[in-house]
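Trainee: Here's a structure for you.
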Amino acid sequence: MADEPVVAVRGEAYRETAPELARFTVTAVARDRDRETTLTRLAERAAAVRALLDAAEPAVERRETGQVHVRPVTKRSGDRVVAYQGSVSTTVTTTDFTALGDLMLRLADQDQVEVAGPVWSLRPDSPAYREVRQAAIADALVRAREYAEALGARVIALRELSDTGMSAGPPMMVKAAYARSGEQAPELELDPVPQPVHAAVEARFTISEPVLG
């Protein structure tokens, strides 16, 4: 077995596939000279965001409260507090891309609310990853057969297969950060960004005796 000729190849595959998830962040903010007023306004604005998200179900697959910030604002010249500022952020995940733009605009239309996103992605267990891995293996086998054929030989058996890793492209985000009130929110159409997926494997195949003459 050790004396049998071996061919070592690298197989790769690249695909672009439609995203499965969209995530965006909605942040309610408040600022006032009085601490209690700041906290009250922050709670009210956060509650308004929650009410909108409640009404948007089942378009909202998941939502998670992120960081809550409440801090005093001081003058540069000293420690005297001149105001209080607070914010609370929520990350929203949806698979309903038809409702996404409308939901983001309705949230951004609230008083002192910022919206940023969406970030498009695939699910961690997306079939796209399995498909691209299988395509990388098929590519390795094709390459091994081509090398063997060039030597007048044929592939006999697989000796070793290693996964050199997968990669996805950087997340793509469209950003909106504004607040409006008293006007009808405009329509916003979003085009999902195709997600690039790449996989590579290294393989070693036993081949028959080459015909070199």
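Lettering and numbering for the structure tokens are positional, with chains as A, B, ... in the shown order, residues counted from 1 in each chain, and ligands counted from 1 in the shown order.
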What are the closest atom pairs, with distances in Å to one decimal, for all residues of segment 97-118 of chain A lying within 9 Å of segment 189-208 of chain A? Consider only C-alpha atoms, order rows by chain and residue number, and present the result as a Markdown table.

Mentor:
```
| residue | atom | partner | partner_atom | distance |
| --- | --- | --- | --- | --- |
| A:Phe97 | CA | A:Pro192 | CA | 7.7 |
| A:Thr98 | CA | A:Glu189 | CA | 8.1 |
| A:Leu100 | CA | A:Leu190 | CA | 7.8 |
| A:Gly101 | CA | A:Glu189 | CA | 5.8 |
| A:Asp102 | CA | A:Glu189 | CA | 8.1 |
```

Trainee: May I have a table of the residues of segment 47-79 of chain A lying at most 12 Å from segment 18-32 of chain A, giving each one's closest pair of atoms and their distance in Å to one decimal, counting only C-alpha atoms, ordered by chain and ascending residue number, as CSV?

Mentor:
```
residue,atom,partner,partner_atom,distance
A:Ala47,CA,A:Ala28,CA,9.3
A:Ala48,CA,A:Ala28,CA,9.2
A:Val49,CA,A:Ala28,CA,7.7
A:Arg50,CA,A:Val26,CA,10.2
A:Leu52,CA,A:Val26,CA,11.3
A:Leu53,CA,A:Val26,CA,10.4
A:Ala59,CA,A:Ala22,CA,11.1
A:Val60,CA,A:Arg23,CA,9.9
A:Glu61,CA,A:Leu21,CA,9.3
A:Arg62,CA,A:Arg23,CA,9.3
A:Arg63,CA,A:Arg23,CA,9.3
A:Glu64,CA,A:Thr25,CA,9.5
A:Thr65,CA,A:Thr25,CA,9.6
A:Gly66,CA,A:Thr25,CA,9.1
A:Gln67,CA,A:Thr27,CA,9.6
A:Val68,CA,A:Thr27,CA,9.5
A:His69,CA,A:Val29,CA,9.2
A:Val70,CA,A:Ala30,CA,9.2
A:Arg71,CA,A:Arg31,CA,9.7
A:Pro72,CA,A:Arg31,CA,9.6
A:Val73,CA,A:Arg31,CA,9.4
```

Trainee: According to DSSP computed on the backbone, where in chain A is there alpha helix (DSSP H)? Give the residues as an NGL selection string.

Mentor: :A and (35-56 or 97-108 or 127-150)

Trainee: Select from segment 47-155 of chain A every residue with an atom at most 10 Å from any atom of segment 6-13 of chain A, then for each give the shortest pair of atoms and their distance in Å to one decimal, using only C-alpha atoms, rows by chain and rising number, as a Markdown table.

Mentor:
```
| residue | atom | partner | partner_atom | distance |
| --- | --- | --- | --- | --- |
| A:Glu131 | CA | A:Ala13 | CA | 9.3 |
| A:Val132 | CA | A:Ala13 | CA | 5.9 |
| A:Arg133 | CA | A:Ala13 | CA | 7.3 |
| A:Gln134 | CA | A:Ala13 | CA | 8.6 |
| A:Ala135 | CA | A:Ala13 | CA | 5.7 |
| A:Ala136 | CA | A:Glu12 | CA | 4.4 |
| A:Ile137 | CA | A:Gly11 | CA | 5.9 |
| A:Ala138 | CA | A:Gly11 | CA | 7.4 |
| A:Asp139 | CA | A:Gly11 | CA | 4.9 |
| A:Ala140 | CA | A:Gly11 | CA | 3.8 |
| A:Leu141 | CA | A:Gly11 | CA | 7.6 |
| A:Val142 | CA | A:Gly11 | CA | 8.5 |
| A:Arg143 | CA | A:Val9 | CA | 6.7 |
| A:Ala144 | CA | A:Val9 | CA | 6.3 |
| A:Arg145 | CA | A:Val7 | CA | 9.3 |
| A:Tyr147 | CA | A:Val7 | CA | 7.6 |
| A:Ala148 | CA | A:Val7 | CA | 7.6 |
| A:Val155 | CA | A:Val7 | CA | 8.7 |
```

Trainee: Expressed in Å to a single decimal, how great is the separation between atom CA of Ala43 of chain A and atom CA of Pro118 of chain A?

Mentor: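 Spanning atom CA of Ala43 of chain A to atom CA of Pro118 of chain A is a straight-line distance of 24.6 Å.
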
Trainee: Between atom CA of Met166 of chain A and atom CA of Tyr129 of chain A, what is the distance in Å, rounded to a tenth?

Mentor: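 Computing it gives 8.1 Å between the two atoms.
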
Trainee: Per DSSP on the backbone, filter segment 5-186 of chain A down to the residues in strand (DSSP E) and report them as a PyMOL selection string.

Mentor: chain A and resi 6-17+21-32+60-74+81-94+113-121+155-168+173-175

Trainee: Would you mind telling me which residue in A:Ala55, A:Thr38, A:Tyr14, A:Trp120 lies nearest to Arg106 of chain A when using only C-alpha atoms?

Mentor: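 Looking only at the distances to Arg106 of chain A, the closest residue turns out to be A:Ala55.
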
Trainee: Of the residues A:Asp96, A:Asp111, A:Glu209, A:Gly86, which is the one nearest to Ile156 of chain A, using only C-alpha atoms?

Mentor: A:Glu209
